$ cat protein_32.txt   # compact mmCIF, C-alpha atoms
# COMPACT_ATOMS: atom_id res chain seq x y z
CA ARG A 16 4.95 4.77 -4.76
CA ARG A 17 1.36 3.86 -5.37
CA SER A 18 -1.39 2.48 -3.18
CA CYS A 19 -4.76 0.82 -3.66
CA PRO A 20 -6.61 1.63 -0.43
CA HIS A 21 -10.04 0.20 0.16
CA ARG A 22 -13.23 2.04 -0.77
CA ARG A 23 -15.95 2.28 1.88
CA ASP A 24 -17.81 -0.51 0.06
CA GLY A 25 -14.84 -2.79 0.65
CA SER A 26 -13.41 -2.73 -2.86
CA ALA A 27 -10.11 -1.11 -3.75
CA THR A 28 -9.27 2.16 -5.47
CA PRO A 29 -6.03 3.97 -6.31
CA PRO A 30 -5.24 7.43 -4.93
CA GLU A 31 -7.14 10.38 -6.35
CA PRO A 32 -6.90 12.39 -8.46
CA ALA A 33 -3.59 11.23 -9.97
CA THR A 34 -3.56 8.25 -12.32
CA LEU A 35 0.20 8.21 -12.90
CA PRO A 36 3.20 8.59 -10.59
CA ARG A 37 4.57 12.11 -10.59
CA ASN A 38 8.04 10.99 -11.68
CA CYS A 39 6.45 9.19 -14.63
CA ALA A 40 4.59 12.35 -15.64
CA ARG A 41 7.85 14.27 -15.56
CA ASN A 42 10.29 11.72 -16.95
CA CYS A 43 8.36 9.39 -19.28
CA HIS A 44 7.22 10.16 -22.77
CA PRO A 45 3.42 9.70 -22.89
CA ARG A 46 3.84 7.06 -25.61
CA SER A 47 6.43 5.05 -23.67
CA LYS A 48 5.74 1.46 -22.62
CA PHE A 49 6.07 2.33 -18.92
CA HIS A 50 3.53 5.13 -19.29
CA ALA A 51 1.12 2.63 -20.86
CA GLN A 52 1.69 0.15 -18.02
CA MET A 53 0.81 2.84 -15.46
CA HIS A 54 -2.45 3.56 -17.25
CA ARG A 55 -3.23 -0.16 -17.27
CA PHE A 56 -2.41 -0.35 -13.54
CA ALA A 57 -4.85 2.49 -12.85
CA ARG A 58 -7.59 0.79 -14.90
CA VAL A 59 -7.16 -2.46 -12.97
CA CYS A 60 -7.44 -0.68 -9.63
CA ARG A 61 -10.50 1.30 -10.75
CA ALA A 62 -12.42 -1.76 -12.00
CA PRO A 63 -15.83 -2.10 -10.30
CA PRO A 64 -16.14 -4.86 -7.68
CA GLY A 65 -16.47 -8.23 -9.44
CA ASP A 66 -15.29 -6.89 -12.83
CA HIS A 67 -11.75 -8.21 -12.78
CA GLY A 68 -11.21 -9.88 -16.10
CA PRO A 69 -10.44 -13.54 -16.83
CA MET A 70 -9.85 -16.25 -14.29
CA ILE A 71 -6.35 -16.94 -13.03
CA PRO A 72 -4.56 -20.23 -13.82
CA GLY A 73 -5.42 -23.00 -11.37
CA ASP A 74 -8.69 -21.45 -10.18
CA GLU A 75 -11.73 -22.09 -12.36
CA ARG A 76 -14.05 -19.88 -10.31
CA PRO A 77 -14.61 -16.31 -11.54
CA ARG A 78 -12.95 -13.78 -9.29
CA ALA A 79 -16.26 -12.34 -8.15
CA SER A 80 -17.27 -15.73 -6.75
CA ARG A 81 -13.86 -16.07 -5.08
CA ALA A 82 -14.52 -12.80 -3.25
CA GLN A 83 -17.95 -14.01 -2.14
CA HIS A 84 -16.39 -17.28 -1.03
CA LEU A 85 -13.99 -15.46 1.27
CA GLY A 86 -16.79 -13.33 2.68
CA PRO A 87 -16.65 -9.78 4.09
CA HIS A 88 -15.31 -10.92 7.45
CA ARG A 89 -12.41 -8.49 7.36
CA ARG A 90 -12.98 -5.02 8.72
CA VAL A 91 -11.02 -1.89 9.58
CA GLU A 92 -10.86 -0.73 13.21
CA TRP A 93 -9.48 2.68 14.11
CA ARG A 94 -8.57 4.90 17.06
CA ARG A 95 -7.85 8.62 17.36
CA VAL A 96 -4.92 10.00 19.36
CA GLU A 97 -4.68 13.73 20.02
CA GLY A 98 -1.31 15.30 19.36
CA ALA A 99 1.13 16.42 16.69
CA PRO A 100 4.30 14.34 17.09
CA ASP A 101 7.31 15.14 14.99
CA PRO A 102 7.00 12.81 11.98
CA GLU A 103 10.67 11.87 11.77
CA ARG A 104 10.96 11.21 15.49
CA LEU A 105 7.74 9.19 15.42
CA HIS A 106 8.96 7.16 12.46
CA ALA A 107 12.12 6.28 14.38
CA ALA A 108 10.17 5.50 17.57
CA LEU A 109 7.79 3.15 15.77
CA ALA A 110 10.79 1.00 14.76
CA LEU A 111 9.14 -0.11 11.52
CA ASP A 112 10.52 -3.13 9.70
CA PRO A 113 13.10 -1.63 7.28
CA ARG A 114 12.67 -4.59 4.89
CA ALA A 115 8.99 -3.85 4.22
CA SER A 116 7.77 -0.46 5.39
CA PHE A 117 6.32 2.69 3.83
CA TRP A 118 5.93 6.40 4.48
CA LEU A 119 3.44 8.18 2.21
CA ASP A 120 2.73 11.92 2.10
CA SER A 121 -0.34 13.44 0.48
CA SER A 122 1.81 15.91 -1.47
CA ASP A 123 5.34 17.13 -1.92
CA ALA A 124 6.69 20.13 -0.06
CA GLY A 125 5.52 23.49 -1.36
CA ALA A 126 1.80 22.95 -0.93
CA VAL A 127 -0.41 24.98 -3.24
CA THR A 128 -3.75 24.32 -1.55
CA ALA A 129 -4.92 24.02 2.03
CA THR A 130 -5.21 20.22 1.77
CA ASP A 131 -1.85 19.50 0.12
CA GLY A 132 0.66 17.97 2.49
CA ARG A 133 -1.97 17.45 5.18
CA ILE A 134 -1.65 13.67 5.59
CA SER A 135 1.32 11.39 6.26
CA ILE A 136 0.91 7.61 6.46
CA MET A 137 3.40 5.18 8.00
CA GLY A 138 3.31 1.43 8.30
CA ASP A 139 5.01 -1.88 7.66
CA ALA A 140 4.27 -5.59 7.22
CA SER A 141 4.56 -6.70 10.84
CA GLY A 142 0.83 -7.30 11.43
CA PRO A 143 -0.78 -10.78 11.44
CA LEU A 144 -2.67 -10.17 8.17
CA ALA A 145 0.11 -8.36 6.31
CA GLU A 146 1.55 -9.74 3.08
CA VAL A 147 4.69 -8.82 1.15
CA LEU A 148 4.83 -9.52 -2.60
CA ARG A 149 7.81 -9.11 -4.89
CA TYR A 150 7.48 -9.57 -8.65
CA ASP A 151 10.00 -10.56 -11.33
CA VAL A 152 9.15 -9.60 -14.91
CA THR A 153 11.46 -12.11 -16.59
CA THR A 154 9.89 -15.16 -14.94
CA ALA A 155 6.39 -13.73 -14.29
CA ARG A 156 6.81 -14.98 -10.74
CA TRP A 157 5.65 -13.52 -7.42
CA ASP A 158 7.49 -14.18 -4.17
CA VAL A 159 4.85 -14.01 -1.42
CA ARG A 160 5.55 -13.68 2.30
CA THR A 161 2.79 -13.94 4.91
CA ALA A 162 2.62 -14.77 8.61
CA ALA A 163 2.11 -18.40 7.58
CA GLY A 164 5.31 -18.60 5.53
CA ARG A 165 6.52 -18.08 1.97
CA HIS A 166 5.40 -19.37 -1.40
CA THR A 167 5.55 -18.39 -5.07
CA VAL A 168 2.84 -17.62 -7.60
CA ARG A 169 3.31 -17.84 -11.37
CA ALA A 170 1.09 -15.19 -12.94
CA ALA A 171 1.44 -12.03 -15.00
CA PHE A 172 1.55 -8.79 -13.04
CA HIS A 173 -1.87 -7.36 -13.90
CA ASP A 174 -3.60 -10.76 -13.80
CA HIS A 175 -2.47 -11.40 -10.24
CA LEU A 176 -3.20 -7.81 -9.23
CA ARG A 177 -6.80 -8.29 -10.37
CA SER A 178 -7.00 -11.47 -8.32
CA LEU A 179 -5.66 -9.72 -5.21
CA LEU A 180 -8.12 -6.84 -5.48
CA ALA A 181 -11.09 -9.16 -6.06
CA SER A 182 -10.38 -11.56 -3.22
CA CYS A 183 -10.10 -9.21 -0.23
CA PRO A 184 -13.44 -7.50 0.53
CA VAL A 185 -13.15 -5.29 3.61
CA ALA A 186 -15.78 -3.48 5.69
CA VAL A 187 -14.73 0.15 6.22
CA PRO A 188 -16.37 2.24 9.00
CA GLU A 189 -18.59 5.07 7.76
CA ASP A 190 -17.11 7.43 10.37
CA LEU A 191 -13.49 6.92 9.33
CA PRO A 192 -12.32 10.54 8.85
CA VAL A 193 -9.78 9.83 6.06
CA ASP A 194 -10.08 8.19 2.66
CA PHE A 195 -7.14 5.86 3.26
CA ALA A 196 -8.43 2.60 4.75
CA LEU A 197 -5.45 0.24 4.51
CA GLY A 198 -5.00 -2.01 1.48
CA TRP A 199 -2.16 -2.54 -0.99
CA VAL A 200 0.79 -0.14 -0.96
CA GLY A 201 3.81 -0.52 -3.18
CA ALA A 202 6.40 0.57 -5.69
CA LEU A 203 6.47 -0.22 -9.41
CA GLY A 204 9.78 -0.41 -11.26
CA TYR A 205 10.48 0.74 -14.80
CA GLN A 206 11.13 -2.89 -15.79
CA LEU A 207 7.35 -3.40 -15.86
CA LYS A 208 7.42 -1.76 -19.29
CA ASP A 209 8.81 -5.09 -20.56
CA GLU A 210 5.92 -7.11 -19.11
CA GLY A 211 4.85 -8.15 -22.61
CA THR A 212 8.23 -9.39 -23.82
CA ARG A 213 9.77 -10.71 -20.55
CA THR A 214 13.15 -9.48 -21.84
CA PRO A 215 14.01 -6.27 -19.98
CA THR A 216 16.83 -4.26 -21.47
CA HIS A 217 18.25 -3.47 -18.05
CA ARG A 218 18.12 -5.68 -14.97
CA SER A 219 17.71 -4.16 -11.52
CA PRO A 220 18.94 -5.66 -8.24
CA HIS A 221 15.56 -4.67 -6.80
CA PRO A 222 12.17 -6.31 -7.44
CA ASP A 223 10.40 -5.13 -10.59
CA ALA A 224 7.36 -4.51 -8.37
CA ALA A 225 6.91 -4.71 -4.60
CA LEU A 226 3.58 -4.63 -2.79
CA ILE A 227 2.60 -4.68 0.89
CA LEU A 228 -0.86 -5.55 2.13
CA ALA A 229 -0.88 -2.95 4.88
CA ASP A 230 -2.97 -4.30 7.75
CA ARG A 231 -1.86 -1.52 10.10
CA ALA A 232 -1.08 2.15 9.56
CA VAL A 233 -0.37 5.34 11.47
CA VAL A 234 -2.03 8.34 9.80
CA LEU A 235 -0.89 11.82 10.81
CA ASP A 236 -3.32 14.66 10.14
CA HIS A 237 -1.06 17.69 10.35
CA ALA A 238 -3.93 20.17 10.01
CA SER A 239 -6.01 18.90 12.94
CA ALA A 240 -3.04 17.82 15.10
CA THR A 241 -4.38 14.29 15.46
CA VAL A 242 -3.10 10.82 14.67
CA LEU A 243 -5.32 7.97 13.48
CA LEU A 244 -4.43 4.34 14.07
CA LEU A 245 -5.89 1.84 11.58
CA ALA A 246 -5.82 -1.94 11.93
CA LEU A 247 -7.31 -4.74 9.86
CA VAL A 248 -9.21 -7.41 11.81
CA ASP A 249 -10.44 -10.77 10.53
CA ASP A 250 -13.48 -12.01 12.45
CA ALA A 251 -12.67 -15.56 11.36
CA LEU A 252 -9.32 -15.24 13.16
CA PRO A 253 -10.00 -14.04 16.74
CA HIS A 254 -6.33 -13.49 17.51
CA THR A 255 -6.22 -10.61 15.00
CA ALA A 256 -8.66 -8.58 17.16
CA SER A 257 -6.58 -9.04 20.32
CA ALA A 258 -3.40 -8.26 18.38
CA ALA A 259 -4.99 -5.04 17.06
CA ALA A 260 -6.06 -3.98 20.57
CA GLU A 261 -2.54 -4.55 21.87
CA TRP A 262 -1.07 -2.62 18.94
CA PHE A 263 -3.49 0.29 19.53
CA THR A 264 -2.37 0.54 23.16
CA ARG A 265 1.32 0.24 22.44
CA THR A 266 1.33 2.65 19.49
CA SER A 267 -0.81 5.24 21.31
CA ALA A 268 1.78 5.32 24.08
CA THR A 269 4.56 5.77 21.53
CA ILE A 270 2.73 8.69 19.90
CA LYS A 271 2.12 10.43 23.24
CA ALA A 272 5.78 10.00 24.20
CA THR A 273 7.06 11.51 20.93
CA PRO A 274 7.77 15.26 21.17
CA PRO A 275 6.11 17.62 18.71
CA ALA A 276 7.86 19.17 15.76
CA THR A 277 9.76 22.37 16.46
CA ALA A 278 10.38 25.45 14.35
CA GLU A 279 14.12 24.73 14.38
CA PRO A 280 15.48 23.45 11.06
CA PRO A 281 16.44 19.77 11.11
CA GLU A 282 20.08 18.82 11.33
CA PRO A 283 21.73 18.29 7.93
CA PRO A 284 22.10 14.66 6.87
CA PRO A 285 25.50 12.99 7.22
CA PRO A 286 27.89 13.39 4.27
CA GLY A 287 26.97 11.16 1.37
CA LEU A 288 23.36 10.67 2.47
CA VAL A 289 20.69 12.11 0.15
CA ARG A 290 17.32 12.82 1.74
$ encode --input "protein_32.txt" --output "structure tokens"
Amino acid sequence: RRSCPHRRDGSATPPEPATLPRNCARNCHPRSKFHAQMHRFARVCRAPPGDHGPMIPGDERPRASRAQHLGPHRRVEWRRVEGAPDPERLHAALALDPRASFWLDSSDAGAVTATDGRISIMGDASGPLAEVLRYDVTTARWDVRTAAGRHTVRAAFHDHLRSLLASCPVAVPEDLPVDFALGWVGALGYQLKDEGTRTPTHRSPHPDAALILADRAVVLDHASATVLLLALVDDALPHTASAAAEWFTRTSATIKATPPATAEPPEPPPPGLVR
């Protein structure tokens, strides 16, 4: 799982300090095609604002001008809720959309520093500005789902990723206490290694890449026993502000009603379920 959260200047950046998924570092030879694709993915996400390569088919404007055309009318709003709800109980209580949801942790179990494992982030694609993208390597086609409906985009993976990152400037509050400020979250499949040939050796029943534009997120700070609620608002669409306010109220109540974690070990998973 990788994410491209927004920088405070509104552009996007991948998580720090890692540039490759941990499973890739363990399981992929450094000269493999998938390893190379992950490095390319990191370079695309780290590109300075406006420096996003060639234009995409069907749009003759440079990407930097497309971003200026959209304008920085999107901004992140946030609220703080005191408490330390049990993460698994909270995840169940939030009733996230199982078709397009995420749960990110800042580190695996067995933390080695005081900051490892401190943050957990949960969210889905149920907000009014959320988008869900699924990519197929063989056809170089994106299936896009938004609140307005569904459509397809024909573009190579990294070309369209550059377009996405360049066309969504976001204003991030200076007082936001975490680095994560919404943005693109997703999973990249090993089939992306065949992006150049379009002839993957093995076909997967799952998308070759799946991305969510997370316009809402619940951020648990386990060290300070607080929960942050983040929502994306578009000033050109007034209903997104009222929807965010309603979501803040509803989710705050859910957090306060969720009991804290206990020292008791969790119940073992049912037979056949790997967790």
$ residues_around --input "protein_32.txt" --residues "A:Ile270" --least-positions-apart "5" --cutoff "10 Å" --atoms "only C-alpha atoms" --output "NGL selection string"
:A and (96-102 or 104-106 or 108-109 or 233 or 242 or 265 or 275)
$ write_last_selection --input "protein_32.txt" --atoms "C-alpha atoms" --output "PDB file, keeping the file's coordinate frame"
ATOM      1  CA  VAL A  96      -4.920  10.000  19.360  1.00  0.00           C
ATOM      2  CA  GLU A  97      -4.680  13.730  20.020  1.00  0.00           C
ATOM      3  CA  GLY A  98      -1.310  15.300  19.360  1.00  0.00           C
ATOM      4  CA  ALA A  99       1.130  16.420  16.690  1.00  0.00           C
ATOM      5  CA  PRO A 100       4.300  14.340  17.090  1.00  0.00           C
ATOM      6  CA  ASP A 101       7.310  15.140  14.990  1.00  0.00           C
ATOM      7  CA  PRO A 102       7.000  12.810  11.980  1.00  0.00           C
ATOM      8  CA  ARG A 104      10.960  11.210  15.490  1.00  0.00           C
ATOM      9  CA  LEU A 105       7.740   9.190  15.420  1.00  0.00           C
ATOM     10  CA  HIS A 106       8.960   7.160  12.460  1.00  0.00           C
ATOM     11  CA  ALA A 108      10.170   5.500  17.570  1.00  0.00           C
ATOM     12  CA  LEU A 109       7.790   3.150  15.770  1.00  0.00           C
ATOM     13  CA  VAL A 233      -0.370   5.340  11.470  1.00  0.00           C
ATOM     14  CA  VAL A 242      -3.100  10.820  14.670  1.00  0.00           C
ATOM     15  CA  ARG A 265       1.320   0.240  22.440  1.00  0.00           C
ATOM     16  CA  PRO A 275       6.110  17.620  18.710  1.00  0.00           C
TER      17      PRO A 275
END
$ atom_distance --input "protein_32.txt" --atom1 "atom CA of A:His217" --atom2 "atom CA of A:Arg165"
27.4 Å
$ residues_around --input "protein_32.txt" --residues "A:Arg231" --least-positions-apart "4" --cutoff "10 Å" --atoms "all atoms listed in the file" --output "VMD selection string"
chain A and resid 91 to 93 137 to 145 196 to 198 244 to 248 259 262 to 263
$ closest_residue --input "protein_32.txt" --among "A:Val147, A:Asp249, A:Leu243, A:Ile227" --to "A:Ala163" --atoms "only C-alpha atoms"
A:Val147
$ closest_residue --input "protein_32.txt" --among "A:Ile134, A:Ala251, A:Ala115, A:Ala155" --to "A:Asp174" --atoms "all atoms listed in the file"
A:Ala155
$ atom_distance --input "protein_32.txt" --atom1 "atom CA of A:Thr266" --atom2 "atom CA of A:His237"
17.8 Å
$ residues_around --input "protein_32.txt" --residues "A:Thr212" --least-positions-apart "6" --cutoff "12 Å" --atoms "only C-alpha atoms" --output "ChimeraX atom specification"
/A:48,152-155,171,206
$ atom_distance --input "protein_32.txt" --atom1 "atom CA of A:Thr216" --atom2 "atom CA of A:Tyr150"
16.7 Å
$ closest_residue --input "protein_32.txt" --among "A:Ser116, A:Ser178, A:Thr167, A:Thr214" --to "A:Gly201" --atoms "all atoms listed in the file"
A:Ser116
$ build_atoms --input "protein_32.txt" --residues "stretch 185-196 of chain A" --atoms "all heavy atoms" --output "compact mmCIF listing (two decimals), keeping the file's coordinate frame"
# COMPACT_ATOMS: atom_id res chain seq x y z
N VAL A 185 -13.39 -5.82 2.26
CA VAL A 185 -13.15 -5.29 3.61
C VAL A 185 -14.26 -4.31 3.97
O VAL A 185 -14.65 -3.47 3.15
CB VAL A 185 -11.78 -4.58 3.69
CG1 VAL A 185 -11.60 -3.91 5.04
CG2 VAL A 185 -10.64 -5.57 3.45
N ALA A 186 -14.77 -4.41 5.18
CA ALA A 186 -15.78 -3.48 5.69
C ALA A 186 -15.07 -2.27 6.29
O ALA A 186 -14.23 -2.42 7.19
CB ALA A 186 -16.66 -4.15 6.73
N VAL A 187 -15.37 -1.09 5.77
CA VAL A 187 -14.73 0.15 6.22
C VAL A 187 -15.75 0.99 7.00
O VAL A 187 -16.86 1.22 6.51
CB VAL A 187 -14.19 0.96 5.03
CG1 VAL A 187 -13.54 2.25 5.50
CG2 VAL A 187 -13.20 0.12 4.23
N PRO A 188 -15.43 1.45 8.22
CA PRO A 188 -16.37 2.24 9.00
C PRO A 188 -16.80 3.51 8.28
O PRO A 188 -15.98 4.19 7.66
CB PRO A 188 -15.60 2.57 10.28
CG PRO A 188 -14.50 1.55 10.34
CD PRO A 188 -14.15 1.23 8.93
N GLU A 189 -18.08 3.85 8.38
CA GLU A 189 -18.59 5.07 7.76
C GLU A 189 -18.00 6.32 8.40
O GLU A 189 -17.90 7.36 7.76
CB GLU A 189 -20.12 5.10 7.85
CG GLU A 189 -20.82 4.08 6.98
CD GLU A 189 -20.66 4.40 5.50
OE1 GLU A 189 -20.40 5.58 5.17
OE2 GLU A 189 -20.79 3.47 4.68
N ASP A 190 -17.60 6.23 9.68
CA ASP A 190 -17.11 7.43 10.37
C ASP A 190 -15.60 7.58 10.28
O ASP A 190 -15.03 8.47 10.93
CB ASP A 190 -17.54 7.40 11.84
CG ASP A 190 -17.01 6.18 12.59
OD1 ASP A 190 -16.53 5.25 11.93
OD2 ASP A 190 -17.08 6.18 13.84
N LEU A 191 -14.93 6.76 9.49
CA LEU A 191 -13.49 6.92 9.33
C LEU A 191 -13.22 8.28 8.68
O LEU A 191 -13.70 8.55 7.58
CB LEU A 191 -12.93 5.80 8.45
CG LEU A 191 -11.41 5.75 8.31
CD1 LEU A 191 -10.75 5.45 9.65
CD2 LEU A 191 -11.00 4.72 7.27
N PRO A 192 -12.44 9.16 9.34
CA PRO A 192 -12.32 10.54 8.85
C PRO A 192 -11.33 10.75 7.70
O PRO A 192 -11.14 11.88 7.27
CB PRO A 192 -11.85 11.30 10.11
CG PRO A 192 -11.17 10.29 10.94
CD PRO A 192 -11.83 8.97 10.66
N VAL A 193 -10.69 9.70 7.21
CA VAL A 193 -9.78 9.83 6.06
C VAL A 193 -10.18 8.83 4.99
O VAL A 193 -10.84 7.82 5.28
CB VAL A 193 -8.30 9.61 6.49
CG1 VAL A 193 -7.83 10.72 7.39
CG2 VAL A 193 -8.13 8.25 7.16
N ASP A 194 -9.76 9.09 3.75
CA ASP A 194 -10.08 8.19 2.66
C ASP A 194 -9.22 6.93 2.68
O ASP A 194 -9.65 5.88 2.19
CB ASP A 194 -9.90 8.90 1.31
CG ASP A 194 -10.95 9.98 1.09
OD1 ASP A 194 -12.05 9.83 1.66
OD2 ASP A 194 -10.67 10.94 0.37
N PHE A 195 -8.02 7.02 3.20
CA PHE A 195 -7.14 5.86 3.26
C PHE A 195 -7.69 4.87 4.29
O PHE A 195 -7.94 5.22 5.44
CB PHE A 195 -5.72 6.27 3.64
CG PHE A 195 -4.74 5.13 3.69
CD1 PHE A 195 -4.13 4.69 2.54
CD2 PHE A 195 -4.44 4.50 4.89
CE1 PHE A 195 -3.22 3.62 2.58
CE2 PHE A 195 -3.54 3.45 4.94
CZ PHE A 195 -2.93 3.01 3.78
N ALA A 196 -7.87 3.61 3.86
CA ALA A 196 -8.43 2.60 4.75
C ALA A 196 -7.66 1.29 4.61
O ALA A 196 -8.25 0.22 4.43
CB ALA A 196 -9.92 2.40 4.45
